[in-house]
Each structure stands twice: as structure tokens, then as C-alpha cells.
>>> print(open('data.tsv').read())   # TSV, C-alpha atoms and all ligand atoms
chain	number	residue	atom	x	y	z
A	2	MET	CA	0.00	0.00	0.00
A	3	LYS	CA	1.22	3.51	-0.85
A	4	LYS	CA	2.40	5.37	2.25
A	5	ASN	CA	1.18	8.92	2.46
A	6	ILE	CA	3.92	11.33	3.59
A	7	PRO	CA	2.56	14.85	3.83
A	8	PHE	CA	4.98	17.78	3.87
A	9	GLY	CA	3.89	18.64	7.38
A	10	LYS	CA	2.14	16.56	9.98
A	11	PRO	CA	1.46	17.83	13.50
A	12	ILE	CA	2.22	15.40	16.30
A	13	ILE	CA	-1.00	15.35	18.27
A	14	GLY	CA	-0.94	12.53	20.80
A	15	LYS	CA	-2.62	11.42	24.00
A	16	ALA	CA	-1.13	14.25	26.03
A	17	GLU	CA	-2.68	16.93	23.79
A	18	ILE	CA	-6.04	15.13	23.53
A	19	ASP	CA	-6.26	14.51	27.29
A	20	SER	CA	-5.45	18.08	28.19
A	21	VAL	CA	-7.97	19.50	25.71
A	22	ASN	CA	-10.57	17.04	26.98
A	23	LYS	CA	-9.98	18.13	30.55
A	24	LEU	CA	-9.98	21.78	29.65
A	25	LEU	CA	-13.28	21.59	27.80
A	26	ARG	CA	-14.94	20.32	30.98
A	27	GLN	CA	-14.22	23.48	32.92
A	28	PRO	CA	-15.66	26.94	32.40
A	29	ILE	CA	-12.66	29.15	31.62
A	30	LEU	CA	-11.87	29.03	27.90
A	31	VAL	CA	-10.15	32.39	27.48
A	32	HIS	CA	-8.18	34.68	29.83
A	33	GLY	CA	-7.17	31.69	31.97
A	34	GLN	CA	-4.29	30.01	33.74
A	35	LYS	CA	-3.33	27.73	30.81
A	36	THR	CA	-2.31	30.68	28.68
A	37	LEU	CA	-0.22	32.09	31.53
A	38	SER	CA	1.41	28.68	32.11
A	39	PHE	CA	2.13	28.30	28.40
A	40	GLU	CA	3.74	31.73	28.29
A	41	LYS	CA	5.90	30.89	31.31
A	42	LYS	CA	6.97	27.53	29.91
A	43	PHE	CA	7.74	29.05	26.51
A	44	SER	CA	9.80	31.87	28.02
A	45	ASP	CA	11.78	29.28	30.02
A	46	TYR	CA	12.29	27.23	26.86
A	47	VAL	CA	13.70	30.08	24.77
A	48	GLY	CA	15.29	31.96	27.67
A	49	CYS	CA	13.49	35.30	27.41
A	50	LYS	CA	12.06	37.60	30.07
A	51	TYR	CA	8.62	38.01	28.53
A	52	ALA	CA	6.44	35.87	26.25
A	53	VAL	CA	2.94	36.84	25.14
A	54	ALA	CA	0.66	34.26	23.52
A	55	VAL	CA	-1.32	35.55	20.57
A	56	SER	CA	-3.68	34.21	17.91
A	57	SER	CA	-0.97	33.92	15.21
A	58	CYS	CA	2.55	34.98	14.33
A	59	THR	CA	1.00	37.61	12.06
A	60	ALA	CA	-1.01	39.06	14.94
A	61	GLY	CA	2.16	39.08	17.05
A	62	MET	CA	4.15	40.97	14.42
A	63	HIS	CA	1.33	43.46	13.85
A	64	LEU	CA	1.25	44.21	17.58
A	65	SER	CA	5.07	44.46	17.60
A	66	TYR	CA	5.03	47.31	15.08
A	67	LEU	CA	2.33	49.06	17.08
A	68	ALA	CA	4.36	48.59	20.27
A	69	LEU	CA	7.39	50.16	18.60
A	70	GLY	CA	5.31	53.10	17.41
A	71	ILE	CA	6.05	52.48	13.74
A	72	LYS	CA	3.56	54.33	11.59
A	73	LYS	CA	2.74	56.11	8.33
A	74	GLY	CA	5.77	57.90	6.91
A	75	ASP	CA	8.20	55.35	8.42
A	76	GLU	CA	10.18	52.86	6.36
A	77	VAL	CA	11.04	49.32	7.39
A	78	ILE	CA	13.77	47.40	5.57
A	79	VAL	CA	12.53	43.87	5.01
A	80	THR	CA	13.71	40.73	3.31
A	81	SER	CA	12.00	39.91	0.03
A	82	GLN	CA	12.19	36.13	0.38
A	83	THR	CA	9.57	35.46	3.03
A	84	HIS	CA	5.91	34.86	3.71
A	85	VAL	CA	3.69	37.83	2.88
A	86	ALA	CA	2.82	38.18	6.57
A	87	THR	CA	6.28	39.64	7.24
A	88	ALA	CA	5.58	42.54	4.89
A	89	HIS	CA	1.82	42.77	5.48
A	90	CYS	CA	2.41	43.68	9.14
A	91	ILE	CA	4.44	46.71	8.02
A	92	GLU	CA	1.60	47.72	5.72
A	93	PHE	CA	-0.96	47.21	8.51
A	94	VAL	CA	0.56	50.14	10.45
A	95	GLY	CA	0.80	52.32	7.33
A	96	ALA	CA	4.61	52.15	7.09
A	97	LYS	CA	6.48	51.38	3.86
A	98	PRO	CA	8.26	48.04	3.40
A	99	VAL	CA	11.60	48.61	1.67
A	100	PHE	CA	12.50	45.25	0.18
A	101	VAL	CA	16.03	43.87	-0.14
A	102	ASP	CA	17.25	40.71	-1.80
A	103	CYS	CA	18.39	37.57	0.03
A	104	ASP	CA	21.56	35.46	-0.03
A	105	LEU	CA	21.55	32.47	-2.34
A	106	GLU	CA	23.18	30.08	0.14
A	107	THR	CA	20.67	30.54	2.96
A	108	GLY	CA	17.69	32.52	1.66
A	109	ASN	CA	18.31	35.01	4.48
A	110	ILE	CA	18.30	38.79	4.12
A	111	SER	CA	21.42	40.05	2.37
A	112	VAL	CA	23.24	42.06	5.02
A	113	GLU	CA	25.29	43.92	2.37
A	114	SER	CA	22.08	45.28	0.85
A	115	ILE	CA	20.68	46.76	4.04
A	116	GLU	CA	22.91	49.80	4.52
A	117	SER	CA	22.28	51.31	1.08
A	118	LYS	CA	18.52	51.29	1.75
A	119	ILE	CA	18.69	53.30	4.96
A	120	THR	CA	17.13	56.76	4.63
A	121	LYS	CA	16.10	59.43	7.13
A	122	ASN	CA	12.72	57.69	7.34
A	123	THR	CA	14.03	54.22	8.16
A	124	ARG	CA	12.88	53.10	11.60
A	125	ALA	CA	13.43	49.35	11.63
A	126	VAL	CA	14.85	46.24	9.99
A	127	SER	CA	12.62	43.20	9.75
A	128	LEU	CA	14.26	39.87	9.12
A	129	VAL	CA	13.22	36.26	8.83
A	130	HIS	CA	15.26	33.30	9.97
A	131	PHE	CA	14.60	31.62	6.66
A	132	ILE	CA	13.26	28.05	7.07
A	133	GLY	CA	14.97	28.02	10.47
A	134	ILE	CA	18.44	29.03	9.27
A	135	PRO	CA	19.57	31.84	11.55
A	136	ALA	CA	20.11	35.11	9.66
A	137	ASP	CA	23.41	36.95	10.05
A	138	ILE	CA	21.91	38.46	13.14
A	139	LEU	CA	25.03	39.75	14.88
A	140	LYS	CA	26.01	41.89	11.89
A	141	ILE	CA	22.43	43.08	11.45
A	142	LYS	CA	22.17	43.92	15.13
A	143	SER	CA	25.27	46.06	14.99
A	144	LEU	CA	23.93	47.85	11.88
A	145	ALA	CA	20.66	48.47	13.71
A	146	LYS	CA	22.59	49.86	16.67
A	147	LYS	CA	24.73	52.07	14.44
A	148	TYR	CA	21.70	53.64	12.76
A	149	LYS	CA	19.42	53.49	15.84
A	150	LEU	CA	16.90	51.20	14.17
A	151	TYR	CA	14.53	48.74	15.76
A	152	LEU	CA	15.06	45.09	14.90
A	153	ILE	CA	12.10	42.77	14.41
A	154	GLU	CA	12.70	39.04	14.08
A	155	ASP	CA	10.21	36.82	12.26
A	156	CYS	CA	10.90	33.41	13.83
A	157	ALA	CA	7.80	31.72	12.40
A	158	LEU	CA	9.84	28.72	11.21
A	159	ALA	CA	12.75	28.97	13.62
A	160	LEU	CA	11.77	27.57	17.00
A	161	GLY	CA	14.91	25.89	18.35
A	162	SER	CA	17.36	27.89	16.21
A	163	LYS	CA	20.20	29.58	18.05
A	164	VAL	CA	23.21	31.83	17.57
A	165	ASN	CA	26.03	31.61	20.12
A	166	GLY	CA	23.69	29.58	22.31
A	167	VAL	CA	21.06	32.35	22.34
A	168	HIS	CA	17.65	31.60	20.91
A	169	VAL	CA	16.66	33.56	17.79
A	170	GLY	CA	14.07	36.21	18.53
A	171	LEU	CA	16.20	37.58	21.37
A	172	PHE	CA	18.68	39.59	19.31
A	173	GLY	CA	16.21	42.20	18.20
A	174	ASP	CA	13.67	44.22	20.12
A	175	VAL	CA	10.98	41.64	19.56
A	176	GLY	CA	10.52	38.19	17.94
A	177	SER	CA	7.43	36.26	16.84
A	178	PHE	CA	6.80	32.53	16.44
A	179	SER	CA	4.06	30.65	14.60
A	180	PHE	CA	2.20	27.57	15.86
A	181	TYR	CA	0.31	26.88	12.64
A	182	PRO	CA	-0.16	23.08	12.24
A	183	VAL	CA	2.94	22.26	10.16
A	184	LYS	CA	5.38	24.34	12.21
A	185	HIS	CA	7.88	22.88	14.71
A	186	MET	CA	5.07	22.82	17.24
A	187	THR	CA	1.41	23.64	16.91
A	188	THR	CA	-1.49	25.06	18.86
A	189	ILE	CA	-3.60	24.68	15.65
A	190	GLU	CA	-3.46	28.44	15.04
A	191	GLY	CA	-1.41	30.58	17.38
A	192	GLY	CA	1.76	32.49	17.96
A	193	MET	CA	4.09	33.83	20.63
A	194	VAL	CA	5.84	37.17	20.90
A	195	ILE	CA	9.06	37.27	22.89
A	196	THR	CA	10.99	40.26	24.19
A	197	ASN	CA	13.23	41.31	27.03
A	198	ASN	CA	11.60	44.73	27.07
A	199	LYS	CA	8.98	45.22	29.76
A	200	ARG	CA	7.27	48.10	27.99
A	201	ILE	CA	6.84	46.07	24.77
A	202	ASP	CA	5.48	43.13	26.76
A	203	ASN	CA	3.05	45.36	28.59
A	204	PHE	CA	1.81	47.02	25.40
A	205	ILE	CA	1.34	43.75	23.48
A	206	ARG	CA	-0.34	42.09	26.46
A	207	ARG	CA	-2.98	44.84	26.51
A	208	ALA	CA	-3.24	45.40	22.75
A	209	ARG	CA	-3.96	41.69	22.09
A	210	SER	CA	-7.12	42.07	24.22
A	211	PHE	CA	-8.92	45.22	23.10
A	212	GLY	CA	-6.60	47.46	25.14
A	213	TYR	CA	-8.05	46.44	28.50
A	214	ASN	CA	-6.02	48.06	31.24
A	215	LYS	CA	-5.97	45.54	34.04
A	216	ASN	CA	-4.47	48.02	36.47
A	217	ARG	CA	-7.69	49.89	36.11
A	218	MET	CA	-9.93	46.81	36.41
A	219	LYS	CA	-12.01	46.15	39.47
A	220	HIS	CA	-13.15	42.58	40.26
A	221	ASN	CA	-12.50	41.71	36.57
A	222	LEU	CA	-15.83	43.36	35.89
A	223	LEU	CA	-15.09	47.02	35.57
A	224	TYR	CA	-12.29	47.91	33.25
A	225	ASP	CA	-10.91	50.83	31.40
A	226	VAL	CA	-9.44	50.89	27.88
A	227	ASP	CA	-6.65	53.30	27.08
A	228	LEU	CA	-5.46	52.05	23.68
A	229	LEU	CA	-7.01	50.82	20.45
A	230	GLY	CA	-6.52	47.09	20.96
A	231	TYR	CA	-7.47	44.05	18.91
A	232	ASN	CA	-8.85	40.62	19.63
A	233	TYR	CA	-5.60	38.76	19.02
A	234	ARG	CA	-5.74	36.52	22.09
A	235	MET	CA	-4.77	32.88	22.30
A	236	ASN	CA	-7.53	30.78	23.86
A	237	GLU	CA	-7.12	28.23	26.65
A	238	VAL	CA	-7.58	25.20	24.38
A	239	GLU	CA	-4.73	26.36	22.15
A	240	ALA	CA	-2.57	27.05	25.20
A	241	ALA	CA	-3.29	23.57	26.60
A	242	ILE	CA	-2.13	22.02	23.32
A	243	GLY	CA	0.94	24.27	23.34
A	244	LEU	CA	1.93	23.15	26.83
A	245	ALA	CA	1.83	19.50	25.78
A	246	GLN	CA	3.70	20.27	22.56
A	247	LEU	CA	6.53	22.01	24.41
A	248	ASP	CA	7.24	18.73	26.25
A	249	ARG	CA	7.96	17.21	22.84
A	250	MET	CA	10.24	19.97	21.56
A	251	ASP	CA	13.58	18.32	22.27
A	252	TYR	CA	12.45	15.15	20.52
A	253	ILE	CA	10.98	17.08	17.57
A	254	ILE	CA	14.13	19.11	17.05
A	255	LYS	CA	16.38	16.05	17.38
A	256	ARG	CA	14.35	14.19	14.74
A	257	ARG	CA	14.39	17.20	12.40
A	258	MET	CA	18.17	17.42	12.78
A	259	GLN	CA	18.64	13.69	12.12
A	260	ASN	CA	16.42	13.80	9.06
A	261	PHE	CA	18.09	16.92	7.73
A	262	ASN	CA	21.55	15.38	8.13
A	263	TYR	CA	20.41	12.23	6.39
A	264	TYR	CA	19.18	14.23	3.38
A	265	VAL	CA	22.52	16.04	3.33
A	266	SER	CA	24.48	12.77	3.38
A	267	LYS	CA	22.45	11.57	0.40
A	268	LEU	CA	22.49	14.71	-1.71
A	269	LYS	CA	25.56	16.76	-0.83
A	270	ASP	CA	27.63	15.43	-3.71
A	271	ASN	CA	24.90	15.79	-6.31
A	272	GLU	CA	26.18	18.44	-8.72
A	273	ASN	CA	22.68	19.09	-10.08
A	274	ILE	CA	21.43	20.72	-6.94
A	275	GLY	CA	22.40	23.12	-4.18
A	276	ILE	CA	21.22	22.82	-0.57
A	277	LEU	CA	20.04	25.71	1.59
A	278	MET	CA	21.68	25.24	4.96
A	279	ASN	CA	23.36	26.84	7.93
A	280	LYS	CA	27.13	26.81	7.53
A	281	LYS	CA	28.02	29.03	10.47
A	282	GLN	CA	29.85	27.30	13.31
A	283	HIS	CA	28.25	29.38	16.04
A	284	SER	CA	24.68	28.96	14.72
A	285	ILE	CA	22.23	26.10	14.96
A	286	SER	CA	19.31	25.69	12.58
A	287	SER	CA	16.32	23.73	13.82
A	288	ASN	CA	15.82	22.62	10.22
A	289	TYR	CA	12.22	23.43	9.51
A	290	CYS	CA	12.59	21.60	6.19
A	291	PHE	CA	15.21	20.40	3.72
A	292	THR	CA	15.40	22.62	0.66
A	293	ILE	CA	17.17	21.93	-2.61
A	294	ILE	CA	17.84	24.44	-5.36
A	295	LEU	CA	17.90	22.92	-8.81
A	296	LYS	CA	20.73	24.20	-10.98
A	297	LYS	CA	19.42	26.73	-13.50
A	298	ARG	CA	19.57	24.37	-16.49
A	299	LEU	CA	17.30	21.95	-14.60
A	300	SER	CA	14.76	24.45	-13.31
A	301	LYS	CA	12.13	23.21	-15.74
A	302	LEU	CA	12.23	19.86	-13.92
A	303	ARG	CA	10.85	21.28	-10.72
A	304	ASP	CA	7.19	20.62	-11.46
A	305	GLN	CA	8.05	17.16	-12.72
A	306	ILE	CA	9.86	16.29	-9.50
A	307	ILE	CA	6.98	17.63	-7.41
A	308	ASP	CA	4.48	15.62	-9.51
A	309	GLU	CA	6.56	12.46	-9.38
A	310	LEU	CA	6.74	12.68	-5.58
A	311	LYS	CA	3.04	13.43	-5.36
A	312	LYS	CA	2.32	10.24	-7.34
A	313	THR	CA	4.22	8.27	-4.72
A	314	GLY	CA	2.32	10.01	-1.90
A	315	ILE	CA	5.07	12.42	-0.86
A	316	GLY	CA	4.20	16.03	-0.14
A	317	THR	CA	6.57	18.92	-0.85
A	318	SER	CA	6.42	22.67	-0.41
A	319	ILE	CA	7.98	25.85	-1.82
A	320	TYR	CA	9.43	28.59	0.40
A	321	TYR	CA	8.22	30.89	-0.99
A	322	PRO	CA	6.36	30.80	-4.32
A	323	GLY	CA	7.45	34.35	-5.25
A	324	PRO	CA	9.53	37.17	-3.79
A	325	VAL	CA	7.04	39.28	-1.81
A	326	PRO	CA	7.73	42.55	-3.72
A	327	LEU	CA	6.77	40.77	-6.95
A	328	LEU	CA	3.42	39.51	-5.64
A	329	LYS	CA	0.55	41.42	-7.19
A	330	TYR	CA	-0.40	43.61	-4.23
A	331	TYR	CA	3.16	44.85	-3.69
A	332	LYS	CA	4.08	45.02	-7.37
A	333	LYS	CA	1.08	47.21	-8.07
A	334	LYS	CA	1.74	49.44	-5.10
A	335	TYR	CA	5.51	49.88	-5.38
A	336	GLY	CA	6.26	48.98	-9.03
A	337	LEU	CA	9.35	46.93	-8.14
A	338	LYS	CA	11.13	44.86	-10.77
A	339	PHE	CA	12.33	41.26	-10.96
A	340	LYS	CA	15.94	42.38	-11.54
A	341	SER	CA	16.12	43.93	-8.07
A	342	PHE	CA	15.64	40.52	-6.41
A	343	PRO	CA	17.57	37.98	-8.50
A	344	ASN	CA	18.43	35.68	-5.58
A	345	ALA	CA	14.95	35.64	-4.11
A	346	ALA	CA	13.52	35.03	-7.60
A	347	SER	CA	15.96	32.18	-8.15
A	348	ILE	CA	15.05	30.47	-4.86
A	349	SER	CA	11.34	30.91	-5.57
A	350	LYS	CA	11.73	29.45	-9.05
A	351	ASN	CA	14.20	26.63	-8.50
A	352	SER	CA	13.66	25.35	-4.97
A	353	ILE	CA	11.73	22.42	-3.56
A	354	SER	CA	11.35	21.82	0.17
A	355	PHE	CA	11.03	18.35	1.65
A	356	PRO	CA	9.74	17.32	5.06
A	357	THR	CA	12.07	16.88	8.04
A	358	ALA	CA	9.42	16.50	10.77
A	359	PRO	CA	9.29	13.33	12.89
A	360	HIS	CA	6.68	11.62	10.68
A	361	VAL	CA	9.48	11.09	8.13
A	362	ASN	CA	12.05	8.32	8.50
A	363	LYS	CA	15.18	7.22	6.66
A	364	SER	CA	13.36	4.99	4.21
A	365	ASP	CA	10.98	7.85	3.33
A	366	ILE	CA	14.00	10.03	2.66
A	367	ASP	CA	15.55	7.28	0.53
A	368	LYS	CA	12.33	7.27	-1.50
A	369	ILE	CA	12.37	11.05	-1.87
A	370	VAL	CA	16.02	11.08	-2.96
A	371	PHE	CA	15.40	8.19	-5.37
A	372	ASN	CA	12.58	10.08	-7.08
A	373	VAL	CA	14.53	13.35	-7.28
A	374	ASN	CA	17.44	11.52	-8.93
A	375	LYS	CA	15.11	9.56	-11.21
A	376	VAL	CA	13.62	12.72	-12.74
A	377	ILE	CA	17.01	14.40	-13.07
A	378	ASN	CA	18.62	11.32	-14.65
A	379	LEU	CA	15.80	10.91	-17.16
A	380	PHE	CA	16.43	14.44	-18.32
A	381	LYS	CA	20.18	14.10	-18.74
B	401	LIG	C1	8.15	33.53	7.74
B	401	LIG	C2	6.71	33.50	8.14
B	401	LIG	N1	6.21	34.52	8.86
B	401	LIG	C3	4.93	34.54	9.26
B	401	LIG	C4	4.07	33.52	8.93
B	401	LIG	C5	2.65	33.60	9.36
B	401	LIG	O1	2.41	32.80	10.50
B	401	LIG	P1	0.94	32.68	11.08
B	401	LIG	O2	0.17	31.81	10.16
B	401	LIG	O3	1.12	32.05	12.45
B	401	LIG	O4	0.38	34.04	11.19
B	401	LIG	C6	4.53	32.44	8.19
B	401	LIG	C7	3.64	31.33	7.83
B	401	LIG	O5	4.05	30.32	7.34
B	401	LIG	C8	5.89	32.43	7.77
B	401	LIG	O6	6.38	31.43	7.03
>>> encode(input="data.tsv", output="C-alpha cells")
Amino acid sequence: MKKNIPFGKPIIGKAEIDSVNKLLRQPILVHGQKTLSFEKKFSDYVGCKYAVAVSSCTAGMHLSYLALGIKKGDEVIVTSQTHVATAHCIEFVGAKPVFVDCDLETGNISVESIESKITKNTRAVSLVHFIGIPADILKIKSLAKKYKLYLIEDCALALGSKVNGVHVGLFGDVGSFSFYPVKHMTTIEGGMVITNNKRIDNFIRRARSFGYNKNRMKHNLLYDVDLLGYNYRMNEVEAAIGLAQLDRMDYIIKRRMQNFNYYVSKLKDNENIGILMNKKQHSISSNYCFTIILKKRLSKLRDQIIDELKKTGIGTSIYYPGPVPLLKYYKKKYGLKFKSFPNAASISKNSISFPTAPHVNKSDIDKIVFNVNKVINLFK
């Protein structure tokens, strides 16, 4: 029988089911202890002072820009090779995303391109740790310091990634994680904002819940609202799942590492492809996925490889289908051209990402590698 290997598969086991079951039998489903416990456990896990649970990574990043006071007339330098959410959150607050290209070896923001984009209106740099590979964060941090810019880290796919032993998300002013089902861990939908800045924590904590000011609440019944907040809360069911998932994190990351290394051992000498990976000694990638870049002359084989794998029940993904500035909304608004983002365009066009999550084992990877080689060899 054909085994189905999806690109992403959340690990939902007895622990998650039992805790949701228990939770649903009691009356508090939002604003409860589970969310507080999840925040505490997450902050211990990554080693930050403050963690605020939110309804998604996107919600967390939107609140981060609000917390930093970024607004209309401001510019934010942002990587072009990312999920639209990274740029959308800049647009949400009326600021202008100023896109820069990425590096070909990692897909991360090109540090060399940042400085030339800084103007008198630049207020922040927004970076993504691309598919878990830590960006060149120390250099970017010193640039941000030099020009007095805020630094916002999109860690949606980077839970478990570190630089010099410090978790990503803690180099900038604020970092956001995603718990969407195929991420390192899930709460179904959900996200977490981390910071070491008490003021940012306090702002996001209130802005995720309509702007309620708890200091001005009496008996939880009378409250005052002193900012224009949203409903971006995480609920108790999601937090209960998150608590159980955190217990699995070490195992999940170990399995992703093992799988990633096995792909590398099988494909590193294949001259038809490149591999996106962390090569820095002091950095650790938690290997969200394994991504190959087909050499230019083979780029037309990408769909064939994806289809061949699909026929054998193997799911793949593309990170990301197009550089954000070239997606219709941004292209129409800012009129940017393909030639400004050659590396991002090349990764979008020539890459395929394969699963590394624990539902994949060595024989699945053998099957994936076999099919990749089969298509390439037929072409040659
Ligand atoms: C880099 C990046 N940022 C943000 C997001 C959005 O995350 P969420 O769905 O939790 O809002 C994603 C989603 O995949 C992503 O890849």
C-alpha cells in the first residue's frame, strides 16, 4: 500500500487530547491560567524575560510594530524572500516596506544590501530566519545599533534555532513565532511574541485584548481601555495544546536534525542541486525543512519532481512561491522589478522543500532522494 507522507504533519498525541478534553470540561476558555502557564513555559524554553501568547505569528508581528510606534511615513527594511505576513504587518501600520534581496546560500536577508537602503525615514529592519536558518543576526544587530533602528525578528519557522547559544528572537527588540499546524510545534493556530523589554510586553499584552487596562480593572468586571486594541488573544484550548507540545520539543528538534543530516548525506555530492543550509559554526538551525535548489539548467524539472513525488504520496512545499515585492499587491503598489531581487527570484523558481518533521524516517528520505534523482537522470 502507498504510504502517504505529507509535507507537514502535526504530532497530536494522547497528552494533547487529554489536556484539551480536561480543559473543555471546565468553564474558563479564554483569559485563563493555561495561557499564563504556556507563556511561562515558553519563556523558560527560549530563555526570554517576557512571552505573550497571541492568535498567530501575524497578529504578534502586527502588535510588535504598534508597540514600537512604527507608523505612516516610516520605512522598514525587510527581506524579500519570506511569507507575505512579514511585509503585510508593516503595511498594517501604514509604514512602507523597503525590500532587499536575500543570499543564495541561505535565503536570508542580504546584510550587504541593508545599509544602502537606509534613509532618514528608516525606523526598523525586519528579518526572517529563513526556514529556520539563523540570519546573520550579529552583523544586522550592529547595523541596527549604528543607525538606531529597531530590529524585528520573524521566527515563524525557527523555533529551536540559536546563535552563540542564544535563541533567535532575542537579538532584536521583539521576535514572533508561529504555531500553525505544520510548524515545529502547533497550537492549531497561534503564535508567541518574545521580548526582554517590559514596555513592549506590557503594550502587546494589553493590545492583544482590546486594550483592557488591568491596572484599572475592578473585580474583573469594571475595566478601562486606554489604547485601540485588537482581539488577538490565544484561547485556553490552544494554550493547553501548546503546553503538551513544548514537552515534545527536544524530541521534535532532534528528529528534524537527524532527518536533515540524512538528506545532506544523500544529496551533498549531487552536482545538479544546491542545498540551503546553515554553515556558520556558532549557529544552529532547527531545520524546519530540507530545501534543494535545482541548478538553472534543470529548473524546468521542478514541477516534474513535485508531480513524481506526489504520485508516490510524498508532499513537498515551496518557500516561498514568489519574492514578496513581486506579488501582485506589492508590485502594483511599489512597481518593483524582478531584476532587483535575483536571488529571491531564483530560490522561488528553483527550490523544492522536503519534510524533516518526525513523521518522516530514513526509508521515506531514501524514496524522496530516489525520485529526485530519477527525474534528473531521465532528463540528462
Ligand atoms: C516567515 C513567516 N512569517 C509569518 C508567517 C505567518 O504565520 P501565522 O500563520 O502564524 O500568522 C509564516 C507562515 O508560514 C511564515 O512562514
>>> closest_residue(input="data.tsv", among="A:Glu190, A:Asp308, A:Glu237, A:Asp270", to="ligand LIG 401 (chain B)", atoms="only C-alpha atoms and all ligand atoms")
A:Glu190
>>> residues_around(input="data.tsv", residues="stretch 351-353 of chain A", least_positions_apart="6", cutoff="6 Å", atoms="only C-alpha atoms", output="list in words")
Thr292, Ile293, Ile294, Leu295, Ser300 and Ile319 of chain A
>>> residues_around(input="data.tsv", residues="A:Asn372", least_positions_apart="5", cutoff="10 Å", atoms="all atoms listed in the file", output="count of residues only")
9
>>> closest_residue(input="data.tsv", among="A:Ser162, A:Thr83, A:Ser65, A:Ser347", to="A:Leu328", atoms="only C-alpha atoms")
A:Thr83
>>> residues_around(input="data.tsv", residues="A:Phe342", least_positions_apart="5", cutoff="9 Å", atoms="all atoms listed in the file", output="PyMOL selection string")
chain A and resi 81-82+100-103+324+326-327+347
>>> build_atoms(input="data.tsv", residues="stretch 295-311 of chain A", atoms="N, CA and C atoms", output="PDB file, in the coordinates of the input")
ATOM      1  N   LEU A 295      17.469  23.565  -7.564  1.00  0.00           N
ATOM      2  CA  LEU A 295      17.900  22.920  -8.810  1.00  0.00           C
ATOM      3  C   LEU A 295      18.797  23.877  -9.578  1.00  0.00           C
ATOM      4  N   LYS A 296      19.866  23.351 -10.153  1.00  0.00           N
ATOM      5  CA  LYS A 296      20.730  24.200 -10.980  1.00  0.00           C
ATOM      6  C   LYS A 296      19.894  24.766 -12.128  1.00  0.00           C
ATOM      7  N   LYS A 297      20.246  25.973 -12.547  1.00  0.00           N
ATOM      8  CA  LYS A 297      19.420  26.730 -13.500  1.00  0.00           C
ATOM      9  C   LYS A 297      18.968  25.891 -14.711  1.00  0.00           C
ATOM     10  N   ARG A 298      19.908  25.123 -15.276  1.00  0.00           N
ATOM     11  CA  ARG A 298      19.570  24.370 -16.490  1.00  0.00           C
ATOM     12  C   ARG A 298      18.500  23.303 -16.219  1.00  0.00           C
ATOM     13  N   LEU A 299      18.288  22.978 -14.926  1.00  0.00           N
ATOM     14  CA  LEU A 299      17.300  21.950 -14.600  1.00  0.00           C
ATOM     15  C   LEU A 299      16.008  22.522 -14.036  1.00  0.00           C
ATOM     16  N   SER A 300      15.911  23.864 -14.026  1.00  0.00           N
ATOM     17  CA  SER A 300      14.760  24.450 -13.310  1.00  0.00           C
ATOM     18  C   SER A 300      13.428  23.993 -13.880  1.00  0.00           C
ATOM     19  N   LYS A 301      13.423  23.647 -15.186  1.00  0.00           N
ATOM     20  CA  LYS A 301      12.130  23.210 -15.740  1.00  0.00           C
ATOM     21  C   LYS A 301      11.684  21.843 -15.198  1.00  0.00           C
ATOM     22  N   LEU A 302      12.595  21.173 -14.475  1.00  0.00           N
ATOM     23  CA  LEU A 302      12.230  19.860 -13.920  1.00  0.00           C
ATOM     24  C   LEU A 302      11.480  19.966 -12.596  1.00  0.00           C
ATOM     25  N   ARG A 303      11.415  21.187 -12.069  1.00  0.00           N
ATOM     26  CA  ARG A 303      10.850  21.280 -10.720  1.00  0.00           C
ATOM     27  C   ARG A 303       9.432  20.714 -10.627  1.00  0.00           C
ATOM     28  N   ASP A 304       8.574  21.112 -11.550  1.00  0.00           N
ATOM     29  CA  ASP A 304       7.190  20.620 -11.460  1.00  0.00           C
ATOM     30  C   ASP A 304       7.135  19.111 -11.621  1.00  0.00           C
ATOM     31  N   GLN A 305       8.019  18.610 -12.485  1.00  0.00           N
ATOM     32  CA  GLN A 305       8.050  17.160 -12.720  1.00  0.00           C
ATOM     33  C   GLN A 305       8.437  16.412 -11.439  1.00  0.00           C
ATOM     34  N   ILE A 306       9.432  16.940 -10.746  1.00  0.00           N
ATOM     35  CA  ILE A 306       9.860  16.290  -9.500  1.00  0.00           C
ATOM     36  C   ILE A 306       8.729  16.325  -8.473  1.00  0.00           C
ATOM     37  N   ILE A 307       8.090  17.492  -8.371  1.00  0.00           N
ATOM     38  CA  ILE A 307       6.980  17.630  -7.410  1.00  0.00           C
ATOM     39  C   ILE A 307       5.864  16.644  -7.757  1.00  0.00           C
ATOM     40  N   ASP A 308       5.552  16.534  -9.081  1.00  0.00           N
ATOM     41  CA  ASP A 308       4.480  15.620  -9.510  1.00  0.00           C
ATOM     42  C   ASP A 308       4.844  14.166  -9.272  1.00  0.00           C
ATOM     43  N   GLU A 309       6.103  13.833  -9.551  1.00  0.00           N
ATOM     44  CA  GLU A 309       6.560  12.460  -9.380  1.00  0.00           C
ATOM     45  C   GLU A 309       6.429  12.045  -7.908  1.00  0.00           C
ATOM     46  N   LEU A 310       6.824  12.967  -7.016  1.00  0.00           N
ATOM     47  CA  LEU A 310       6.740  12.680  -5.580  1.00  0.00           C
ATOM     48  C   LEU A 310       5.275  12.588  -5.143  1.00  0.00           C
ATOM     49  N   LYS A 311       4.471  13.446  -5.708  1.00  0.00           N
ATOM     50  CA  LYS A 311       3.040  13.430  -5.360  1.00  0.00           C
ATOM     51  C   LYS A 311       2.422  12.078  -5.717  1.00  0.00           C
TER      52      LYS A 311
END
